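Just start-v2.cif here, mmCIF, C-alpha atoms:
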```cif
data_entry
loop_
_atom_site.label_atom_id
_atom_site.label_comp_id
_atom_site.auth_asym_id
_atom_site.auth_seq_id
_atom_site.Cartn_x
_atom_site.Cartn_y
_atom_site.Cartn_z
CA MET F 1084 133.50 117.22 50.11
CA ARG F 1085 134.72 114.77 52.70
CA ILE F 1086 133.97 117.30 55.43
CA PHE F 1087 130.48 117.86 53.98
CA SER F 1088 129.89 114.10 54.01
CA LEU F 1089 130.95 113.87 57.64
CA VAL F 1090 128.69 116.75 58.62
CA CYS F 1091 125.78 115.10 56.82
CA LEU F 1092 126.44 111.82 58.60
CA MET F 1093 126.67 113.51 62.00
CA LEU F 1094 123.46 115.43 61.39
CA ALA F 1095 121.66 112.32 60.28
CA ALA F 1096 122.92 110.40 63.27
CA SER F 1097 121.95 113.13 65.72
CA ILE F 1098 118.45 113.44 64.25
CA ALA F 1099 117.99 109.70 64.33
CA VAL F 1100 119.16 109.51 67.95
CA ARG F 1101 116.88 112.40 68.89
CA ALA F 1102 113.90 110.72 67.24
CA GLN F 1103 114.61 107.50 69.11
CA THR F 1104 115.06 109.32 72.40
CA ASN F 1105 111.73 111.06 72.02
CA THR F 1106 109.82 107.86 71.47
CA ALA F 1107 111.46 106.14 74.41
CA THR F 1108 110.75 108.87 76.96
CA PRO F 1109 108.19 107.66 79.51
CA ALA F 1110 105.15 109.90 79.55
CA VAL F 1111 104.92 110.05 83.32
CA GLY F 1112 108.62 110.08 84.03
CA THR F 1113 108.36 113.36 85.87
CA ASN F 1114 106.08 111.74 88.41
CA ALA F 1115 108.71 109.22 89.41
CA THR F 1116 108.87 108.87 93.15
CA PRO F 1117 112.05 109.29 95.12
CA ALA F 1118 113.64 106.09 96.35
CA ALA F 1119 112.33 104.70 99.60
CA GLY F 1120 114.00 106.07 102.66
CA ARG F 1121 115.15 109.33 101.16
CA SER F 1122 112.11 111.22 102.37
CA ASN F 1123 112.12 113.40 105.46
CA ALA F 1124 108.71 112.07 106.42
CA PRO F 1125 108.28 110.08 109.66
CA ILE F 1126 109.52 106.50 109.36
CA GLU F 1127 106.04 104.98 109.44
CA LEU F 1128 104.93 107.20 106.56
CA ARG F 1129 107.88 106.57 104.28
CA PRO F 1130 107.14 104.58 101.14
CA THR F 1131 107.57 100.85 100.92
CA GLU F 1132 109.31 99.46 97.85
CA ILE F 1133 108.73 95.99 96.50
CA GLN F 1134 111.10 94.74 93.84
CA SER F 1135 110.87 91.47 91.94
CA LYS F 1136 111.68 89.99 88.60
CA SER F 1137 108.05 89.65 87.59
CA CYS F 1138 104.57 90.04 88.99
CA GLN F 1139 100.94 89.32 88.24
CA PHE F 1140 98.07 91.50 89.41
CA PHE F 1141 94.55 90.12 89.59
CA MET F 1142 92.65 93.37 89.79
CA LYS F 1143 89.18 91.88 90.29
CA SER F 1144 90.13 89.93 93.38
CA ASN F 1145 92.86 92.35 94.53
CA VAL F 1146 95.49 89.63 94.60
CA TYR F 1147 99.08 90.49 93.70
CA VAL F 1148 101.75 87.88 93.07
CA TYR F 1149 105.43 88.84 92.97
CA ARG F 1150 107.86 86.22 91.66
CA ASP F 1151 111.61 85.64 91.75
CA ASP F 1152 114.07 87.57 93.88
CA VAL F 1153 111.38 89.48 95.74
CA ARG F 1154 112.56 92.22 98.08
CA ILE F 1155 110.47 94.47 100.31
CA ASP F 1156 112.23 97.55 101.55
CA ASN F 1157 110.60 99.60 104.27
CA PRO F 1158 112.31 101.83 106.86
CA GLN F 1159 111.03 99.51 109.60
CA MET F 1160 111.42 96.15 107.88
CA LYS F 1161 113.16 94.38 105.04
CA LEU F 1162 112.02 91.08 103.60
CA ALA F 1163 113.43 88.81 100.90
CA CYS F 1164 111.82 85.71 99.40
CA GLU F 1165 111.14 84.01 96.09
CA LEU F 1166 107.37 84.30 95.94
CA LEU F 1167 105.17 86.90 97.59
CA THR F 1168 101.39 86.86 97.41
CA VAL F 1169 99.48 89.87 98.68
CA GLU F 1170 95.74 89.52 99.18
CA ALA F 1171 93.64 92.59 99.87
CA PRO F 1172 89.98 91.74 99.23
CA LYS F 1173 87.50 94.59 99.21
CA LEU F 1174 85.44 94.32 102.38
CA THR F 1175 82.54 96.37 103.69
CA ASN F 1176 81.59 98.06 106.98
CA GLY F 1177 85.15 99.12 107.70
CA ASN F 1178 86.38 95.55 107.92
CA LYS F 1179 89.80 94.98 106.43
CA LEU F 1180 91.95 91.97 105.65
CA ASN F 1181 95.42 92.18 104.22
CA ARG F 1182 97.44 89.03 103.97
CA ALA F 1183 100.96 88.71 102.61
CA THR F 1184 102.44 85.24 102.15
CA ALA F 1185 106.16 84.95 101.54
CA LEU F 1186 107.56 81.63 100.35
CA THR F 1187 110.99 80.08 99.90
CA ASN F 1188 114.18 81.37 101.49
CA VAL F 1189 112.34 83.94 103.56
CA VAL F 1190 114.58 86.43 105.35
CA ILE F 1191 113.14 89.23 107.46
CA ASP F 1192 115.08 91.98 109.21
CA TRP F 1193 113.31 94.49 111.38
CA VAL F 1194 114.23 97.00 114.02
CA ASP F 1195 112.45 97.49 117.32
CA ASN F 1196 113.31 98.56 120.85
CA ASN F 1197 115.63 95.55 121.14
CA GLY F 1198 117.65 96.53 118.13
CA THR F 1199 117.84 94.57 114.90
CA ASN F 1200 115.99 91.26 114.67
CA HIS F 1201 116.72 88.68 112.00
CA ALA F 1202 114.32 85.89 111.03
CA THR F 1203 114.64 83.09 108.50
CA SER F 1204 112.05 80.48 107.49
CA ASP F 1205 110.56 78.67 104.54
CA LYS F 1206 107.28 80.53 104.82
CA ALA F 1207 105.98 83.69 106.46
CA VAL F 1208 102.35 84.75 106.55
CA TYR F 1209 101.51 88.26 107.65
CA THR F 1210 97.85 88.86 108.41
CA TYR F 1211 96.43 92.27 109.21
CA VAL F 1212 92.77 92.30 110.13
CA ILE F 1213 90.41 95.06 111.21
CA THR F 1214 87.11 93.64 112.39
CA ASN F 1215 84.01 95.54 113.38
CA LEU F 1216 82.87 93.64 116.46
CA ALA F 1217 79.70 95.71 116.73
CA GLU F 1218 78.41 95.12 113.24
CA GLY F 1219 74.79 96.12 112.93
CA LEU F 1220 75.00 98.49 115.86
CA THR F 1221 75.07 102.26 115.47
CA GLN F 1222 78.47 102.65 117.08
CA PRO F 1223 81.14 100.48 115.44
CA HIS F 1224 83.81 98.87 117.58
CA PHE F 1225 86.90 97.87 115.67
CA GLU F 1226 89.50 95.34 116.74
CA THR F 1227 92.84 95.11 115.01
CA SER F 1228 95.15 92.14 114.82
CA SER F 1229 98.52 92.05 113.15
CA ILE F 1230 100.27 88.70 113.23
CA VAL F 1231 103.21 87.13 111.43
CA VAL F 1232 103.44 83.33 111.44
CA LEU F 1233 106.78 81.79 110.47
CA THR F 1234 106.87 78.12 109.50
CA GLY F 1235 109.43 75.79 107.93
CA ASN F 1236 112.46 75.78 110.24
CA PRO F 1237 112.01 79.34 111.50
CA VAL F 1238 114.80 80.96 113.47
CA VAL F 1239 114.64 84.40 115.05
CA THR F 1240 117.76 86.05 116.40
CA ASN F 1241 118.68 89.35 117.94
CA HIS F 1242 121.51 90.43 120.20
CA MET F 1243 119.81 88.83 123.22
CA PHE F 1244 118.22 85.61 121.99
CA ARG F 1245 118.20 82.94 119.35
CA TRP F 1246 114.88 81.11 119.17
CA GLU F 1247 113.93 78.11 117.10
CA GLY F 1248 110.41 76.74 116.94
CA ASP F 1249 107.91 75.72 114.34
CA PRO F 1250 105.74 77.71 114.01
CA LEU F 1251 106.84 81.00 115.50
CA ASN F 1252 103.98 83.45 115.96
CA TRP F 1253 104.84 87.11 116.13
CA ASP F 1254 102.08 89.38 117.42
CA ARG F 1255 103.08 92.77 116.07
CA ILE F 1256 100.68 94.73 118.26
CA LYS F 1257 101.83 93.13 121.52
CA ASP F 1258 105.31 92.77 120.04
CA VAL F 1259 105.63 89.26 121.38
CA ILE F 1260 106.75 86.02 119.76
CA THR F 1261 105.24 82.73 120.90
CA SER F 1262 105.32 79.13 119.72
CA PRO F 1263 103.45 75.95 120.62
CA ASN F 1264 106.52 74.01 119.59
CA PHE F 1265 109.70 75.63 120.84
CA LYS F 1266 112.76 73.68 119.77
CA GLN F 1267 115.63 75.65 121.12
CA GLN F 1268 116.21 78.88 122.96
CA THR F 1269 119.60 80.47 123.41
CA ILE F 1270 119.97 83.42 125.74
CA TYR F 1271 123.16 85.34 125.27
CA GLN F 1272 125.07 86.08 128.46
CA GLY F 1273 124.58 89.48 130.05
CA GLU F 1274 121.41 90.21 128.13
CA THR F 1275 118.79 88.41 130.19
CA ASN F 1276 117.64 91.43 132.19
CA THR F 1277 116.84 93.53 129.20
CA SER F 1278 113.31 93.86 127.93
CA SER F 1279 112.50 90.98 125.67
CA LEU F 1280 110.63 90.67 122.46
CA PHE F 1281 109.72 87.14 123.42
CA GLU F 1282 107.19 85.89 125.91
CA PRO F 1283 108.67 85.29 129.41
CA PRO F 1284 109.41 81.55 129.80
CA THR F 1285 106.99 81.20 132.77
CA SER F 1286 103.94 82.35 130.85
CA LYS F 1287 105.09 80.94 127.55
CA SER F 1288 103.46 77.52 127.57
CA SER F 1289 100.02 78.57 128.78
CA LYS F 1290 99.93 81.50 126.44
CA THR F 1291 100.96 79.54 123.36
CA ASN F 1292 98.47 76.80 124.06
CA SER F 1293 95.64 79.27 124.22
CA VAL F 1294 96.78 80.94 121.04
CA THR F 1295 97.14 77.87 118.94
CA LYS F 1296 94.32 75.62 120.08
CA MET Q 1347 131.78 111.36 47.14
CA ALA Q 1348 130.00 108.11 47.77
CA ALA Q 1349 130.12 108.73 51.52
CA GLY Q 1350 128.59 112.15 50.96
CA LEU Q 1351 125.72 110.70 48.98
CA VAL Q 1352 125.11 108.06 51.63
CA GLY Q 1353 125.19 110.76 54.29
CA CYS Q 1354 122.64 112.86 52.42
CA PHE Q 1355 120.44 109.82 51.90
CA VAL Q 1356 120.53 108.90 55.59
CA LEU Q 1357 119.81 112.52 56.50
CA CYS Q 1358 116.80 112.65 54.20
CA LEU Q 1359 115.56 109.31 55.50
CA ALA Q 1360 115.86 110.40 59.12
CA VAL Q 1361 114.10 113.70 58.47
CA THR Q 1362 111.38 111.99 56.47
CA SER Q 1363 110.77 109.33 59.08
CA ALA Q 1364 110.72 111.92 61.85
CA GLN Q 1365 108.29 114.26 60.15
CA THR Q 1366 105.95 112.19 58.01
CA PRO Q 1367 104.03 109.42 59.73
CA PRO Q 1368 102.98 106.42 57.65
CA SER Q 1369 99.79 106.93 55.70
CA ASN Q 1370 97.80 104.43 57.79
CA THR Q 1371 98.61 106.13 61.09
CA ILE Q 1372 95.65 107.20 63.21
CA LYS Q 1373 96.12 110.26 65.37
CA ASN Q 1374 94.65 110.47 68.87
CA PHE Q 1375 93.55 106.85 69.07
CA ARG Q 1376 90.82 106.26 71.64
CA ALA Q 1377 89.01 103.01 72.36
CA PRO Q 1378 86.78 101.88 75.23
CA LEU Q 1379 87.78 98.27 75.94
CA GLU Q 1380 85.14 97.09 78.35
CA TYR Q 1381 82.00 98.21 80.15
CA PHE Q 1382 80.58 97.15 83.50
CA ASP Q 1383 77.72 94.68 83.78
CA PRO Q 1384 74.18 96.03 84.43
CA PRO Q 1385 73.11 98.19 86.18
CA HIS Q 1386 76.36 100.04 85.36
CA GLU Q 1387 76.42 99.01 81.69
CA LEU Q 1388 76.99 102.60 80.53
CA GLN Q 1389 80.06 102.94 82.69
CA MET Q 1390 83.44 102.24 81.12
CA LYS Q 1391 85.62 99.70 82.86
CA SER Q 1392 88.77 100.26 80.84
CA PHE Q 1393 89.80 102.76 78.19
CA LEU Q 1394 92.82 102.79 75.90
CA GLU Q 1395 94.19 105.85 74.14
CA GLY Q 1396 97.36 106.82 72.32
CA ALA Q 1397 98.97 109.67 70.41
CA GLU Q 1398 99.29 107.49 67.30
CA ALA Q 1399 98.02 104.11 66.24
CA GLU Q 1400 99.07 101.95 63.32
CA PRO Q 1401 96.77 99.08 62.36
CA GLN Q 1402 98.73 95.89 61.71
CA SER Q 1403 97.57 92.56 60.40
CA ASP Q 1404 95.17 90.23 62.20
CA GLY Q 1405 93.48 92.83 64.40
CA LEU Q 1406 96.65 94.13 65.99
CA ILE Q 1407 97.15 97.84 66.49
CA LEU Q 1408 100.49 99.39 67.34
CA ILE Q 1409 99.98 102.34 69.72
CA ARG Q 1410 102.49 105.03 70.57
CA ASP Q 1411 102.43 107.04 73.81
CA ALA Q 1412 99.68 104.81 75.09
CA LYS Q 1413 97.58 105.36 78.19
CA LEU Q 1414 95.37 102.61 79.58
CA GLN Q 1415 92.91 103.59 82.27
CA THR Q 1416 90.66 101.47 84.44
CA PHE Q 1417 87.67 102.79 86.33
CA HIS Q 1418 85.50 101.98 89.31
CA GLU Q 1419 81.78 101.40 88.92
CA ASN Q 1420 81.07 104.99 89.98
CA GLY Q 1421 83.22 106.29 87.12
CA SER Q 1422 86.19 107.34 89.19
CA ASN Q 1423 89.66 106.42 87.97
CA GLU Q 1424 91.16 103.25 89.43
CA MET Q 1425 94.59 103.20 87.83
CA THR Q 1426 96.50 104.47 84.83
CA VAL Q 1427 99.07 102.54 82.81
CA VAL Q 1428 101.44 104.55 80.64
CA THR Q 1429 103.83 103.11 78.08
CA PRO Q 1430 105.69 104.60 75.10
CA LEU Q 1431 104.75 101.74 72.78
CA CYS Q 1432 102.34 98.82 72.98
CA THR Q 1433 100.24 96.47 70.87
CA PHE Q 1434 96.49 96.26 71.24
CA ASP Q 1435 94.92 92.99 70.09
CA SER Q 1436 91.37 93.97 69.23
CA LYS Q 1437 90.28 90.32 68.89
CA SER Q 1438 91.36 89.14 72.31
CA GLN Q 1439 91.08 92.57 73.98
CA THR Q 1440 94.62 92.46 75.27
CA VAL Q 1441 97.35 95.07 75.47
CA SER Q 1442 101.00 94.05 75.55
CA SER Q 1443 104.46 95.51 75.22
CA ALA Q 1444 108.09 94.54 75.60
CA GLY Q 1445 108.93 98.08 76.64
CA PRO Q 1446 108.77 100.00 79.90
CA LEU Q 1447 105.56 100.85 81.69
CA GLN Q 1448 104.41 102.88 84.65
CA VAL Q 1449 101.26 102.19 86.60
CA GLN Q 1450 99.79 104.66 89.05
CA SER Q 1451 96.73 104.26 91.23
CA SER Q 1452 94.30 107.16 91.30
CA ASP Q 1453 95.04 107.91 94.96
CA GLU Q 1454 98.77 108.03 94.10
CA LYS Q 1455 99.52 105.56 96.89
CA LEU Q 1456 100.81 103.00 94.44
CA LEU Q 1457 103.38 103.41 91.71
CA LEU Q 1458 104.54 100.48 89.62
CA GLU Q 1459 107.36 100.38 87.13
CA GLY Q 1460 108.56 97.48 85.03
CA GLN Q 1461 109.70 96.22 81.69
CA GLY Q 1462 107.32 94.29 79.47
CA PHE Q 1463 103.66 93.67 80.29
CA PHE Q 1464 100.48 91.91 79.28
CA TRP Q 1465 97.02 93.25 80.15
CA GLN Q 1466 93.83 91.28 79.69
CA ALA Q 1467 90.73 93.44 79.64
CA THR Q 1468 88.24 90.62 80.16
CA ASN Q 1469 89.47 89.73 83.63
CA SER Q 1470 91.56 92.83 84.44
CA ASP Q 1471 94.77 90.86 84.89
CA LEU Q 1472 98.08 92.66 84.53
CA ILE Q 1473 101.31 90.73 84.17
CA ILE Q 1474 104.62 92.58 84.36
CA SER Q 1475 107.47 90.48 83.03
CA ASN Q 1476 110.70 92.05 84.22
CA ARG Q 1477 112.29 94.41 86.70
CA VAL Q 1478 109.16 95.14 88.69
CA ARG Q 1479 109.39 97.94 91.20
CA THR Q 1480 106.39 98.81 93.36
CA THR Q 1481 106.26 101.86 95.60
CA VAL Q 1482 103.53 101.87 98.24
CA ARG Q 1483 102.99 105.14 100.08
CA GLY Q 1484 101.52 105.56 103.54
CA PRO Q 1485 101.74 103.47 106.71
CA LEU Q 1486 102.77 99.90 105.95
CA THR Q 1487 100.36 98.16 108.26
CA ASN Q 1488 97.08 99.65 107.20
CA SER Q 1489 97.63 100.70 103.62
CA PHE Q 1490 99.36 97.67 102.20
CA THR Q 1491 96.85 97.50 99.40
CA PRO Q 1492 98.64 97.62 96.06
#
```
If you took the structure in this file and wrote it as structure tokens, what would it be?
Amino acid sequence: MRIFSLVCLMLAASIAVRAQTNTATPAVGTNATPAAGRSNAPIELRPTEIQSKSCQFFMKSNVYVYRDDVRIDNPQMKLACELLTVEAPKLTNGNKLNRATALTNVVIDWVDNNGTNHATSDKAVYTYVITNLAEGLTQPHFETSSIVVLTGNPVVTNHMFRWEGDPLNWDRIKDVITSPNFKQQTIYQGETNTSSLFEPPTSKSSKTNSVTK
Amino acid sequence: MAAGLVGCFVLCLAVTSAQTPPSNTIKNFRAPLEYFDPPHELQMKSFLEGAEAEPQSDGLILIRDAKLQTFHENGSNEMTVVTPLCTFDSKSQTVSSAGPLQVQSSDEKLLLEGQGFFWQATNSDLIISNRVRTTVRGPLTNSFTP
């Protein structure tokens, strides 16, 4: 009788567990994507993952706000901050504006021809714009700009340089960093002849003035 | 002997609860939540469905295996939210849950996962409370449109 009781209890428990498991199974679990970076696809086509504690999506305006311990993980770039706002308004005529604003304890690591670059700041604004300069004409002419502006004690370092300035403007298309207010530049010995991410010192001041004014 | 009786009782209870849904359960729940403004007033903006729905008090409806879809003005799917269990507040037109959810855009470029959410049909706002994980597919620079 004791054995019968045990069998009954085990059966009951297994059925109960099975029932619970069935209700908790996500309906689209099979569609789960592989983790970023595991794909064999080219780097620029690999998925980007954004993780945060919470988020708020304003679907009408296409504004997305990620809060608390935000981390972006992309094969080309990693970013951490406390608040990330992504704005992607719906535009017409092929025009496009994507803006991502990262706030508080911003840390960005990215890899380019110079190796790994490391940036810290209080705020980073990434703006990606496609503008049709020939609007109204039959043949559109698009211009693209892709700029990251770091403010709030920004520092950018790589194995060649350490630059401090506020703001630091990083043109991603030209792959050049400029600033109208350079504070400090450290060039590490033996690395000065290598190709630089930063604007050459001779053209720096004129270039930054034209950019910022 | 007593343990055996308890075992049998638990077994019967588990089988009963697994097989017989409560009497007020609605199968294949389907409800349009919102329509577009004119001239697209016949076009659904959001649609909620579920395998089972249990009406609760005060206009609340408990929905199992729920699927919430939003649509563009031309009728094409915008995104789909899937969750094993959620509560639909028919008075305030909101959907909420403390459980897991998955959100997928129609072009499959965006996949969202998280724990706990609140959806407001009137202004199409979605709040995910915990452990948010967004996967954006495609080139980062020109498709960063969650």
Item to check | Nearby residues (all atoms listed in the file) at most 12 Å from F:Lys1143, same-chain spacing under 6 positions excluded, as a ChimeraX atom specification | outcome: /F:1170-1173 /Q:1391,1416-1418,1424,1466-1472
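For the residues Q:Leu1388, Q:Ala1412, Q:Cys1432, Q:Val1478, ranking by smallest atom-to-atom distance to Q:Gly1445 using all atoms listed in the file places Q:Cys1432 first.
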Checklist entry - Near stretch 1210-1225 of chain F, counting all atoms listed in the file, which residues have an atom at most 7 Å away, once you skip same-chain residues fewer than 3 positions from it, shown as a ChimeraX atom specification? => result /F:1177-1183,1228-1231
Checklist entry - Nearest to chain F: which of Q:Asp1383, Q:Asp1411, Q:Glu1419, Q:Glu1454 is it, counting only C-alpha atoms? => result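 The closest residue to chain F is Q:Asp1411.
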Next on the checklist: Set the distance at 9 Å and use only C-alpha atoms: which residues neighbour F:Pro1250 once local chain neighbours fewer than 3 positions away are removed? I'd like the list as an NGL selection string.
Outcome noted: :F and (1232-1237 or 1247 or 1261-1265)
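The residues returned by the PyMOL selection byres ((chain F and resi 1246) around 8) for this structure are Val1238, Val1239, Thr1240, Phe1244, Arg1245, Glu1247, Gly1248, Phe1265, Lys1266, Gln1267, Gln1268 and Thr1269 of chain F.
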Checklist entry - Which residue out of F:Arg1150, F:Lys1206, F:Lys1257, F:Arg1129 has the minimum interatomic distance to chain Q when all atoms listed in the file are used? => result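 Ranking F:Arg1150, F:Lys1206, F:Lys1257, F:Arg1129 by distance to chain Q, first place goes to F:Arg1129.
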For this file, the PyMOL selection byres ((chain Q and resi 1374-1381) around 12) selects which residues, as a PDB file with C-alpha atoms, in the frame of the given file?
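Contents of part_23.pdb, as written:
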```
ATOM      1  CA  THR Q1371      98.610 106.130  61.090  1.00  0.00           C
ATOM      2  CA  ILE Q1372      95.650 107.200  63.210  1.00  0.00           C
ATOM      3  CA  LYS Q1373      96.120 110.260  65.370  1.00  0.00           C
ATOM      4  CA  PHE Q1382      80.580  97.150  83.500  1.00  0.00           C
ATOM      5  CA  ASP Q1383      77.720  94.680  83.780  1.00  0.00           C
ATOM      6  CA  PRO Q1384      74.180  96.030  84.430  1.00  0.00           C
ATOM      7  CA  PRO Q1385      73.110  98.190  86.180  1.00  0.00           C
ATOM      8  CA  HIS Q1386      76.360 100.040  85.360  1.00  0.00           C
ATOM      9  CA  GLU Q1387      76.420  99.010  81.690  1.00  0.00           C
ATOM     10  CA  LEU Q1388      76.990 102.600  80.530  1.00  0.00           C
ATOM     11  CA  GLN Q1389      80.060 102.940  82.690  1.00  0.00           C
ATOM     12  CA  MET Q1390      83.440 102.240  81.120  1.00  0.00           C
ATOM     13  CA  LYS Q1391      85.620  99.700  82.860  1.00  0.00           C
ATOM     14  CA  SER Q1392      88.770 100.260  80.840  1.00  0.00           C
ATOM     15  CA  PHE Q1393      89.800 102.760  78.190  1.00  0.00           C
ATOM     16  CA  LEU Q1394      92.820 102.790  75.900  1.00  0.00           C
ATOM     17  CA  GLU Q1395      94.190 105.850  74.140  1.00  0.00           C
ATOM     18  CA  GLY Q1396      97.360 106.820  72.320  1.00  0.00           C
ATOM     19  CA  ALA Q1397      98.970 109.670  70.410  1.00  0.00           C
ATOM     20  CA  GLU Q1398      99.290 107.490  67.300  1.00  0.00           C
ATOM     21  CA  ALA Q1399      98.020 104.110  66.240  1.00  0.00           C
ATOM     22  CA  GLU Q1400      99.070 101.950  63.320  1.00  0.00           C
ATOM     23  CA  PRO Q1401      96.770  99.080  62.360  1.00  0.00           C
ATOM     24  CA  ILE Q1407      97.150  97.840  66.490  1.00  0.00           C
ATOM     25  CA  LEU Q1408     100.490  99.390  67.340  1.00  0.00           C
ATOM     26  CA  ILE Q1409      99.980 102.340  69.720  1.00  0.00           C
ATOM     27  CA  ARG Q1410     102.490 105.030  70.570  1.00  0.00           C
ATOM     28  CA  ASP Q1411     102.430 107.040  73.810  1.00  0.00           C
ATOM     29  CA  ALA Q1412      99.680 104.810  75.090  1.00  0.00           C
ATOM     30  CA  LYS Q1413      97.580 105.360  78.190  1.00  0.00           C
ATOM     31  CA  LEU Q1414      95.370 102.610  79.580  1.00  0.00           C
ATOM     32  CA  GLN Q1415      92.910 103.590  82.270  1.00  0.00           C
ATOM     33  CA  THR Q1416      90.660 101.470  84.440  1.00  0.00           C
ATOM     34  CA  PHE Q1417      87.670 102.790  86.330  1.00  0.00           C
ATOM     35  CA  HIS Q1418      85.500 101.980  89.310  1.00  0.00           C
ATOM     36  CA  GLU Q1419      81.780 101.400  88.920  1.00  0.00           C
ATOM     37  CA  ASN Q1420      81.070 104.990  89.980  1.00  0.00           C
ATOM     38  CA  GLY Q1421      83.220 106.290  87.120  1.00  0.00           C
ATOM     39  CA  PHE Q1434      96.490  96.260  71.240  1.00  0.00           C
ATOM     40  CA  ASP Q1435      94.920  92.990  70.090  1.00  0.00           C
ATOM     41  CA  SER Q1436      91.370  93.970  69.230  1.00  0.00           C
ATOM     42  CA  LYS Q1437      90.280  90.320  68.890  1.00  0.00           C
ATOM     43  CA  SER Q1438      91.360  89.140  72.310  1.00  0.00           C
ATOM     44  CA  GLN Q1439      91.080  92.570  73.980  1.00  0.00           C
ATOM     45  CA  THR Q1440      94.620  92.460  75.270  1.00  0.00           C
ATOM     46  CA  VAL Q1441      97.350  95.070  75.470  1.00  0.00           C
ATOM     47  CA  TRP Q1465      97.020  93.250  80.150  1.00  0.00           C
ATOM     48  CA  GLN Q1466      93.830  91.280  79.690  1.00  0.00           C
ATOM     49  CA  ALA Q1467      90.730  93.440  79.640  1.00  0.00           C
ATOM     50  CA  THR Q1468      88.240  90.620  80.160  1.00  0.00           C
ATOM     51  CA  ASN Q1469      89.470  89.730  83.630  1.00  0.00           C
ATOM     52  CA  SER Q1470      91.560  92.830  84.440  1.00  0.00           C
TER      53      SER Q1470
END
```
Item to check | Separation of atom CA of F:Thr1175 from atom CA of Q:Val1482 in Å | outcome: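 So the answer is 22.4 Å.
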Next on the checklist: Counting all atoms listed in the file, which residue out of Q:Ser1443, Q:Ser1452, Q:Asp1404, Q:Pro1430 sits closest to chain F?
Outcome noted: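 Nearest candidate to chain F out of Q:Ser1443, Q:Ser1452, Q:Asp1404, Q:Pro1430: Q:Pro1430.
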Item to check | the PyMOL selection byres ((chain Q and resi 1458) around 7) applied to the shown file, residues as a list in words | outcome: Gln1448, Val1449, Gln1450, Leu1456, Leu1457, Glu1459, Gly1460, Arg1479, Thr1480 and Thr1481 of chain Q
Using the selection just defined, write its residues with C-alpha atoms as a PDB file, in the frame of the given file.
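To be explicit, this is the file written out as out.pdb:
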```pdb
ATOM      1  CA  GLN Q1448     104.410 102.880  84.650  1.00  0.00           C
ATOM      2  CA  VAL Q1449     101.260 102.190  86.600  1.00  0.00           C
ATOM      3  CA  GLN Q1450      99.790 104.660  89.050  1.00  0.00           C
ATOM      4  CA  LEU Q1456     100.810 103.000  94.440  1.00  0.00           C
ATOM      5  CA  LEU Q1457     103.380 103.410  91.710  1.00  0.00           C
ATOM      6  CA  GLU Q1459     107.360 100.380  87.130  1.00  0.00           C
ATOM      7  CA  GLY Q1460     108.560  97.480  85.030  1.00  0.00           C
ATOM      8  CA  ARG Q1479     109.390  97.940  91.200  1.00  0.00           C
ATOM      9  CA  THR Q1480     106.390  98.810  93.360  1.00  0.00           C
ATOM     10  CA  THR Q1481     106.260 101.860  95.600  1.00  0.00           C
TER      11      THR Q1481
END
```
Checklist entry - So how far away is atom CA of Q:Leu1431 from atom CA of Q:Ala1444, in Å? => result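 Atom CA of Q:Ala1444 sits 8.4 Å away from atom CA of Q:Leu1431.
Our summary of the geometry notes that atom CA of F:Ser1137 is positioned 7.6 Å from atom CA of Q:Ile1473.
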